$ cat input.cif   # mmCIF, C-alpha atoms
data_query
loop_
_atom_site.group_PDB
_atom_site.id
_atom_site.type_symbol
_atom_site.label_atom_id
_atom_site.label_comp_id
_atom_site.auth_asym_id
_atom_site.auth_seq_id
_atom_site.Cartn_x
_atom_site.Cartn_y
_atom_site.Cartn_z
ATOM 1 C CA GLN A 1 0.000 0.000 0.000
ATOM 2 C CA PRO A 2 1.414 3.419 -0.887
ATOM 3 C CA GLY A 3 0.083 5.225 2.203
ATOM 4 C CA PRO A 4 -1.693 4.798 5.541
ATOM 5 C CA TYR A 5 -5.091 5.060 3.831
ATOM 6 C CA TRP A 6 -6.307 2.854 1.009
ATOM 7 C CA ALA A 7 -9.220 1.483 -1.040
ATOM 8 C CA ILE A 8 -9.838 -2.042 -2.289
ATOM 9 C CA ASP A 9 -12.414 -2.757 -4.979
ATOM 10 C CA THR A 10 -14.223 -6.080 -5.117
ATOM 11 C CA PRO A 11 -16.844 -6.844 -7.740
ATOM 12 C CA THR A 12 -19.670 -5.728 -5.421
ATOM 13 C CA LEU A 13 -18.092 -3.537 -2.720
ATOM 14 C CA ARG A 14 -15.417 -0.883 -2.238
ATOM 15 C CA ILE A 15 -13.594 -1.180 1.092
ATOM 16 C CA VAL A 16 -12.093 2.134 2.172
ATOM 17 C CA GLY A 17 -9.525 2.368 4.980
ATOM 18 C CA ILE A 18 -8.538 5.655 6.609
ATOM 19 C CA ASP A 19 -5.864 6.596 9.128
ATOM 20 C CA THR A 20 -7.501 8.440 12.008
ATOM 21 C CA GLY A 21 -4.397 8.433 14.184
ATOM 22 C CA ILE A 22 -4.753 9.107 17.893
ATOM 23 C CA THR A 23 -7.321 11.918 17.684
ATOM 24 C CA GLY A 24 -9.913 10.289 15.424
ATOM 25 C CA GLY A 25 -9.672 13.000 12.761
ATOM 26 C CA ILE A 26 -7.968 13.161 9.376
ATOM 27 C CA ASP A 27 -5.906 15.820 7.622
ATOM 28 C CA ARG A 28 -6.951 17.912 4.638
ATOM 29 C CA ASP A 29 -5.227 15.695 2.009
ATOM 30 C CA GLN A 30 -6.755 12.495 3.346
ATOM 31 C CA GLY A 31 -10.147 14.234 3.524
ATOM 32 C CA ALA A 32 -9.930 15.195 -0.171
ATOM 33 C CA TRP A 33 -8.886 11.633 -1.035
ATOM 34 C CA LEU A 34 -11.785 10.192 1.030
ATOM 35 C CA ARG A 35 -14.300 12.401 -0.788
ATOM 36 C CA GLU A 36 -12.872 11.275 -4.135
ATOM 37 C CA VAL A 37 -12.883 7.510 -3.454
ATOM 38 C CA SER A 38 -16.326 7.761 -1.855
ATOM 39 C CA ALA A 39 -17.959 9.137 -5.014
ATOM 40 C CA GLY A 40 -20.279 6.912 -6.995
ATOM 41 C CA PRO A 41 -23.075 4.428 -6.407
ATOM 42 C CA LYS A 42 -20.992 1.326 -5.629
ATOM 43 C CA PRO A 43 -21.686 0.171 -2.039
ATOM 44 C CA LYS A 44 -18.869 1.028 0.367
ATOM 45 C CA LEU A 45 -17.534 -0.099 3.719
ATOM 46 C CA LEU A 46 -15.348 2.227 5.805
ATOM 47 C CA VAL A 47 -12.613 0.771 8.007
ATOM 48 C CA THR A 48 -11.099 3.176 10.518
ATOM 49 C CA GLY A 49 -8.883 3.085 13.569
ATOM 50 C CA LYS A 50 -11.383 5.012 15.696
ATOM 51 C CA PRO A 51 -15.090 4.142 15.672
ATOM 52 C CA LEU A 52 -17.584 6.802 14.563
ATOM 53 C CA TYR A 53 -20.125 5.617 17.160
ATOM 54 C CA VAL A 54 -19.011 4.136 20.468
ATOM 55 C CA ASP A 55 -20.440 3.920 23.986
ATOM 56 C CA ASP A 56 -23.665 5.544 22.756
ATOM 57 C CA SER A 57 -21.923 8.646 21.466
ATOM 58 C CA SER A 58 -21.080 10.011 18.060
ATOM 59 C CA ARG A 59 -17.447 10.744 17.268
ATOM 60 C CA PRO A 60 -17.802 11.954 13.682
ATOM 61 C CA GLY A 61 -14.114 12.290 12.814
ATOM 62 C CA PRO A 62 -13.271 15.909 12.030
ATOM 63 C CA ILE A 63 -11.532 16.684 8.745
ATOM 64 C CA GLU A 64 -8.928 19.435 8.832
ATOM 65 C CA GLY A 65 -10.372 22.394 6.949
ATOM 66 C CA GLY A 66 -14.009 21.419 7.521
ATOM 67 C CA GLY A 67 -16.495 18.605 7.467
ATOM 68 C CA THR A 68 -16.418 15.193 9.086
ATOM 69 C CA VAL A 69 -15.825 11.608 8.075
ATOM 70 C CA ASP A 70 -19.368 10.759 9.198
ATOM 71 C CA GLU A 71 -20.858 13.405 6.870
ATOM 72 C CA ILE A 72 -19.128 11.643 3.976
ATOM 73 C CA VAL A 73 -20.312 8.229 5.187
ATOM 74 C CA GLN A 74 -23.927 9.380 5.627
ATOM 75 C CA ASP A 75 -24.144 11.174 2.265
ATOM 76 C CA PRO A 76 -26.562 9.070 0.150
ATOM 77 C CA ALA A 77 -24.526 9.814 -2.999
ATOM 78 C CA HIS A 78 -21.631 7.818 -1.513
ATOM 79 C CA ASN A 79 -23.664 4.691 -0.697
ATOM 80 C CA TYR A 80 -21.853 3.541 2.452
ATOM 81 C CA VAL A 81 -23.433 0.512 4.109
ATOM 82 C CA ALA A 82 -21.226 0.300 7.206
ATOM 83 C CA ALA A 83 -18.396 1.925 9.132
ATOM 84 C CA ILE A 84 -16.182 -0.331 11.256
ATOM 85 C CA GLY A 85 -13.729 1.060 13.797
ATOM 86 C CA GLY A 86 -11.366 -0.579 16.246
ATOM 87 C CA ASP A 87 -9.468 0.895 19.195
ATOM 88 C CA ILE A 88 -12.069 -0.003 21.850
ATOM 89 C CA HIS A 89 -11.523 -3.661 22.749
ATOM 90 C CA ASN A 90 -15.078 -4.951 22.637
ATOM 91 C CA TYR A 91 -17.887 -5.319 20.095
ATOM 92 C CA GLN A 92 -20.694 -2.790 19.677
ATOM 93 C CA ARG A 93 -23.123 -2.410 16.776
ATOM 94 C CA TYR A 94 -25.418 0.521 16.168
ATOM 95 C CA PRO A 95 -27.797 0.183 13.192
ATOM 96 C CA VAL A 96 -28.580 3.861 12.592
ATOM 97 C CA ARG A 97 -31.592 4.789 10.471
ATOM 98 C CA LEU A 98 -30.786 7.807 8.285
ATOM 99 C CA ARG A 99 -33.183 10.492 7.071
ATOM 100 C CA ASP A 100 -33.126 9.066 3.530
ATOM 101 C CA GLY A 101 -34.415 5.697 4.833
ATOM 102 C CA ARG A 102 -31.142 3.746 4.693
ATOM 103 C CA THR A 103 -29.765 1.972 7.744
ATOM 104 C CA LEU A 104 -26.024 2.321 8.296
ATOM 105 C CA GLN A 105 -24.266 -0.234 10.466
ATOM 106 C CA TYR A 106 -21.772 1.445 12.802
ATOM 107 C CA VAL A 107 -19.568 -1.246 14.330
ATOM 108 C CA VAL A 108 -16.910 -1.223 17.027
ATOM 109 C CA SER A 109 -14.818 -4.316 16.431
ATOM 110 C CA GLY A 110 -11.750 -4.201 18.581
ATOM 111 C CA GLY A 111 -11.829 -7.515 20.406
ATOM 112 C CA GLY A 112 -9.549 -9.578 18.167
ATOM 113 C CA GLY A 113 -7.770 -11.532 20.877
ATOM 114 C CA ALA A 114 -7.122 -8.474 23.029
ATOM 115 C CA PHE A 115 -8.323 -7.467 26.484
ATOM 116 C CA MET A 116 -12.077 -6.901 26.377
ATOM 117 C CA HIS A 117 -13.070 -3.450 27.679
ATOM 118 C CA ALA A 118 -16.102 -3.307 29.909
ATOM 119 C CA THR A 119 -19.514 -3.063 28.289
ATOM 120 C CA HIS A 120 -21.515 -2.717 31.522
ATOM 121 C CA THR A 121 -20.552 0.968 31.532
ATOM 122 C CA ILE A 122 -22.260 1.625 28.170
ATOM 123 C CA PRO A 123 -25.414 3.645 28.913
ATOM 124 C CA ARG A 124 -28.847 2.848 27.541
ATOM 125 C CA THR A 125 -28.486 3.740 23.888
ATOM 126 C CA ARG A 126 -30.205 6.704 22.315
ATOM 127 C CA VAL A 127 -28.233 6.432 19.053
ATOM 128 C CA THR A 128 -30.505 3.604 17.955
ATOM 129 C CA ASP A 129 -33.328 1.612 19.493
ATOM 130 C CA GLU A 130 -31.956 -0.378 22.444
ATOM 131 C CA LYS A 131 -33.501 -3.600 21.088
ATOM 132 C CA ASP A 132 -31.362 -3.226 17.929
ATOM 133 C CA PHE A 133 -28.102 -2.420 19.762
ATOM 134 C CA ARG A 134 -25.630 -5.277 20.246
ATOM 135 C CA CYS A 135 -22.525 -5.563 22.369
ATOM 136 C CA TYR A 136 -20.105 -8.269 23.435
ATOM 137 C CA PRO A 137 -19.549 -9.155 26.106
ATOM 138 C CA LEU A 138 -23.149 -8.632 27.165
ATOM 139 C CA ARG A 139 -23.494 -5.936 29.825
ATOM 140 C CA GLY A 140 -24.484 -8.356 32.606
ATOM 141 C CA ASP A 141 -21.653 -10.765 31.782
ATOM 142 C CA SER A 142 -19.246 -7.821 31.784
ATOM 143 C CA LEU A 143 -20.418 -6.612 35.205
ATOM 144 C CA SER A 144 -20.166 -10.125 36.659
ATOM 145 C CA SER A 145 -16.662 -10.585 35.236
ATOM 146 C CA TYR A 146 -15.432 -7.259 36.613
ATOM 147 C CA SER A 147 -16.928 -8.011 40.043
ATOM 148 C CA ARG A 148 -14.865 -11.230 40.145
ATOM 149 C CA LEU A 149 -11.755 -9.347 39.027
ATOM 150 C CA TYR A 150 -12.108 -6.656 41.708
ATOM 151 C CA GLY A 151 -12.940 -9.271 44.332
ATOM 152 C CA ARG A 152 -9.693 -11.117 43.569
ATOM 153 C CA VAL A 153 -7.579 -7.955 43.388
ATOM 154 C CA LEU A 154 -8.906 -6.689 46.725
ATOM 155 C CA ARG A 155 -8.857 -10.211 48.238
ATOM 156 C CA MET A 156 -12.510 -9.787 49.206
ATOM 157 C CA SER A 157 -14.271 -12.035 46.706
ATOM 158 C CA ARG A 158 -17.349 -12.722 48.771
ATOM 159 C CA PHE A 159 -18.047 -8.991 49.093
ATOM 160 C CA PHE A 160 -17.617 -8.151 45.406
ATOM 161 C CA GLU A 161 -18.474 -11.189 43.290
ATOM 162 C CA ILE A 162 -21.913 -11.231 41.741
ATOM 163 C CA THR A 163 -23.295 -13.964 39.530
ATOM 164 C CA PRO A 164 -24.205 -13.368 35.890
ATOM 165 C CA ALA A 165 -27.893 -13.574 36.872
ATOM 166 C CA GLU A 166 -27.457 -10.940 39.611
ATOM 167 C CA ALA A 167 -25.434 -8.721 37.276
ATOM 168 C CA THR A 168 -28.067 -9.025 34.542
ATOM 169 C CA ALA A 169 -30.767 -8.040 37.049
ATOM 170 C CA ALA A 170 -28.675 -5.015 38.114
ATOM 171 C CA ILE A 171 -28.203 -3.931 34.488
ATOM 172 C CA ARG A 172 -31.930 -4.405 33.814
ATOM 173 C CA HIS A 173 -32.755 -2.223 36.821
ATOM 174 C CA ARG A 174 -30.093 0.453 36.192
ATOM 175 C CA LEU A 175 -30.764 0.887 32.463
ATOM 176 C CA GLY A 176 -34.425 -0.138 32.332
ATOM 177 C CA ILE A 177 -33.782 -2.549 29.459
ATOM 178 C CA THR A 178 -34.558 -6.124 28.574
ATOM 179 C CA PRO A 179 -31.258 -7.957 28.964
ATOM 180 C CA GLY A 180 -29.661 -9.791 26.059
ATOM 181 C CA ARG A 181 -29.648 -13.040 27.994
ATOM 182 C CA GLY A 182 -32.282 -14.200 30.425
ATOM 183 C CA TYR A 183 -31.508 -16.201 33.557
ATOM 184 C CA GLY A 184 -34.222 -18.184 35.192
#
$ encode --input "input.cif" --output "structure tokens"
Amino acid sequence: QPGPYWAIDTPTLRIVGIDTGITGGIDRDQGAWLREVSAGPKPKLLVTGKPLYVDDSSRPGPIEGGGTVDEIVQDPAHNYVAAIGGDIHNYQRYPVRLRDGRTLQYVVSGGGGAFMHATHTIPRTRVTDEKDFRCYPLRGDSLSSYSRLYGRVLRMSRFFEITPAEATAAIRHRLGITPGRGYG
């Protein structure tokens, strides 16, 4: 590859990769390149180092000189179907319904063999309908796992450890949601 950003064409999809660095934004030259490779009706998938939606918040990726990466992705003329970002070491998926009727899949996919960041801290989502939001590990499993971890670290397991069923009930109560996994 000639640079830190790239595009790969398949017969049915263009995969576009950008270099968002540490800040999540891109420079003017990369922004111009992104606008150019995004043109046209062919379906596109964006791959980026920083997710555009994560932990129920939008991080649109500023472009030096104006605009955002997310504005390019959401533009119907560019026909993006998904934007996948890493950096956060868990899985989150936000199917976002756009004004023009399309649904864009915003995915956080940073769990490839690495430490899995907590998901029990993700608030009830307002980005999309909670029933359509997905995360891994599930919030209750995450809370249960972290309770065991803190119990071991503090050498007070019986005071901190909660079962997956108890953690799921706590998440249900705190967020007012139907949990992803039922215990009975």
$ resolve_selection --input "input.cif" --expression "the PyMOL selection byres ((chain A and resi 146) around 12)" --output "list of chain:residue names"
A:Met116, A:His117, A:Ala118, A:Thr119, A:His120, A:Thr121, A:Pro137, A:Arg139, A:Gly140, A:Asp141, A:Ser142, A:Leu143, A:Ser144, A:Ser145, A:Ser147, A:Arg148, A:Leu149, A:Tyr150, A:Gly151, A:Arg152, A:Val153, A:Ser157, A:Phe160, A:Glu161, A:Ile162, A:Thr163, A:Pro164, A:Ala167
$ resolve_selection --input "input.cif" --expression "the PyMOL selection byres ((chain A and resi 77) around 12)" --output "ChimeraX atom specification"
/A:35-44,71-76,78-81,100,102
$ resolve_selection --input "input.cif" --expression "the PyMOL selection byres ((chain A and resi 16) around 7)" --output "list of chain:residue names"
A:Trp6, A:Ala7, A:Ile8, A:Arg14, A:Ile15, A:Gly17, A:Ile18, A:Leu45, A:Leu46, A:Val47
$ atom_distance --input "input.cif" --atom1 "CA of Gln105 (chain A)" --atom2 "CA of Arg93 (chain A)"
6.8 Å
$ atom_distance --input "input.cif" --atom1 "CA of Arg174 (chain A)" --atom2 "CA of Arg158 (chain A)"
22.2 Å
$ atom_distance --input "input.cif" --atom1 "CA of Gly65 (chain A)" --atom2 "CA of Leu98 (chain A)"
25.1 Å
$ axis_aligned_box --input "input.cif" --around "region 153-167 of chain A" --padding-each-side "4 Å" --output "JSON"
{"center_x": -17.7, "center_y": -10.3, "center_z": 42.5, "size_x": 28.3, "size_y": 15.3, "size_z": 21.3}
$ residues_near_point --input "input.cif" --point "(-11.9, 5.8, 14.1)" --cutoff "9 Å" --atoms "only C-alpha atoms" --output "VMD selection string"
chain A and resid 18 to 25 47 to 53 59 to 61 84 to 87
$ closest_residue --input "input.cif" --among "A:Val96, A:Ala165, A:Asp55, A:Pro4" --to "Thr125 (chain A)" --atoms "only C-alpha atoms"
A:Asp55
$ closest_residue --input "input.cif" --among "A:Arg124, A:Arg28, A:Pro95, A:Ala83" --to "His173 (chain A)" --atoms "all atoms listed in the file"
A:Arg124
$ residues_near_point --input "input.cif" --point "(-31.7, -8.7, 28.0)" --cutoff "12 Å" --atoms "only C-alpha atoms" --output "list in words"
Arg124, Glu130, Lys131, Asp132, Phe133, Arg134, Cys135, Leu138, Arg139, Gly140, Asp141, Pro164, Ala165, Ala167, Thr168, Ala169, Ala170, Ile171, Arg172, His173, Leu175, Gly176, Ile177, Thr178, Pro179, Gly180, Arg181, Gly182 and Tyr183 of chain A
$ residues_around --input "input.cif" --residues "Gly31 (chain A)" --least-positions-apart "4" --cutoff "9 Å" --atoms "only C-alpha atoms" --output "JSON, numbers by chain"
{"A": [26, 27, 35, 36, 63, 64, 65, 67, 68, 69]}
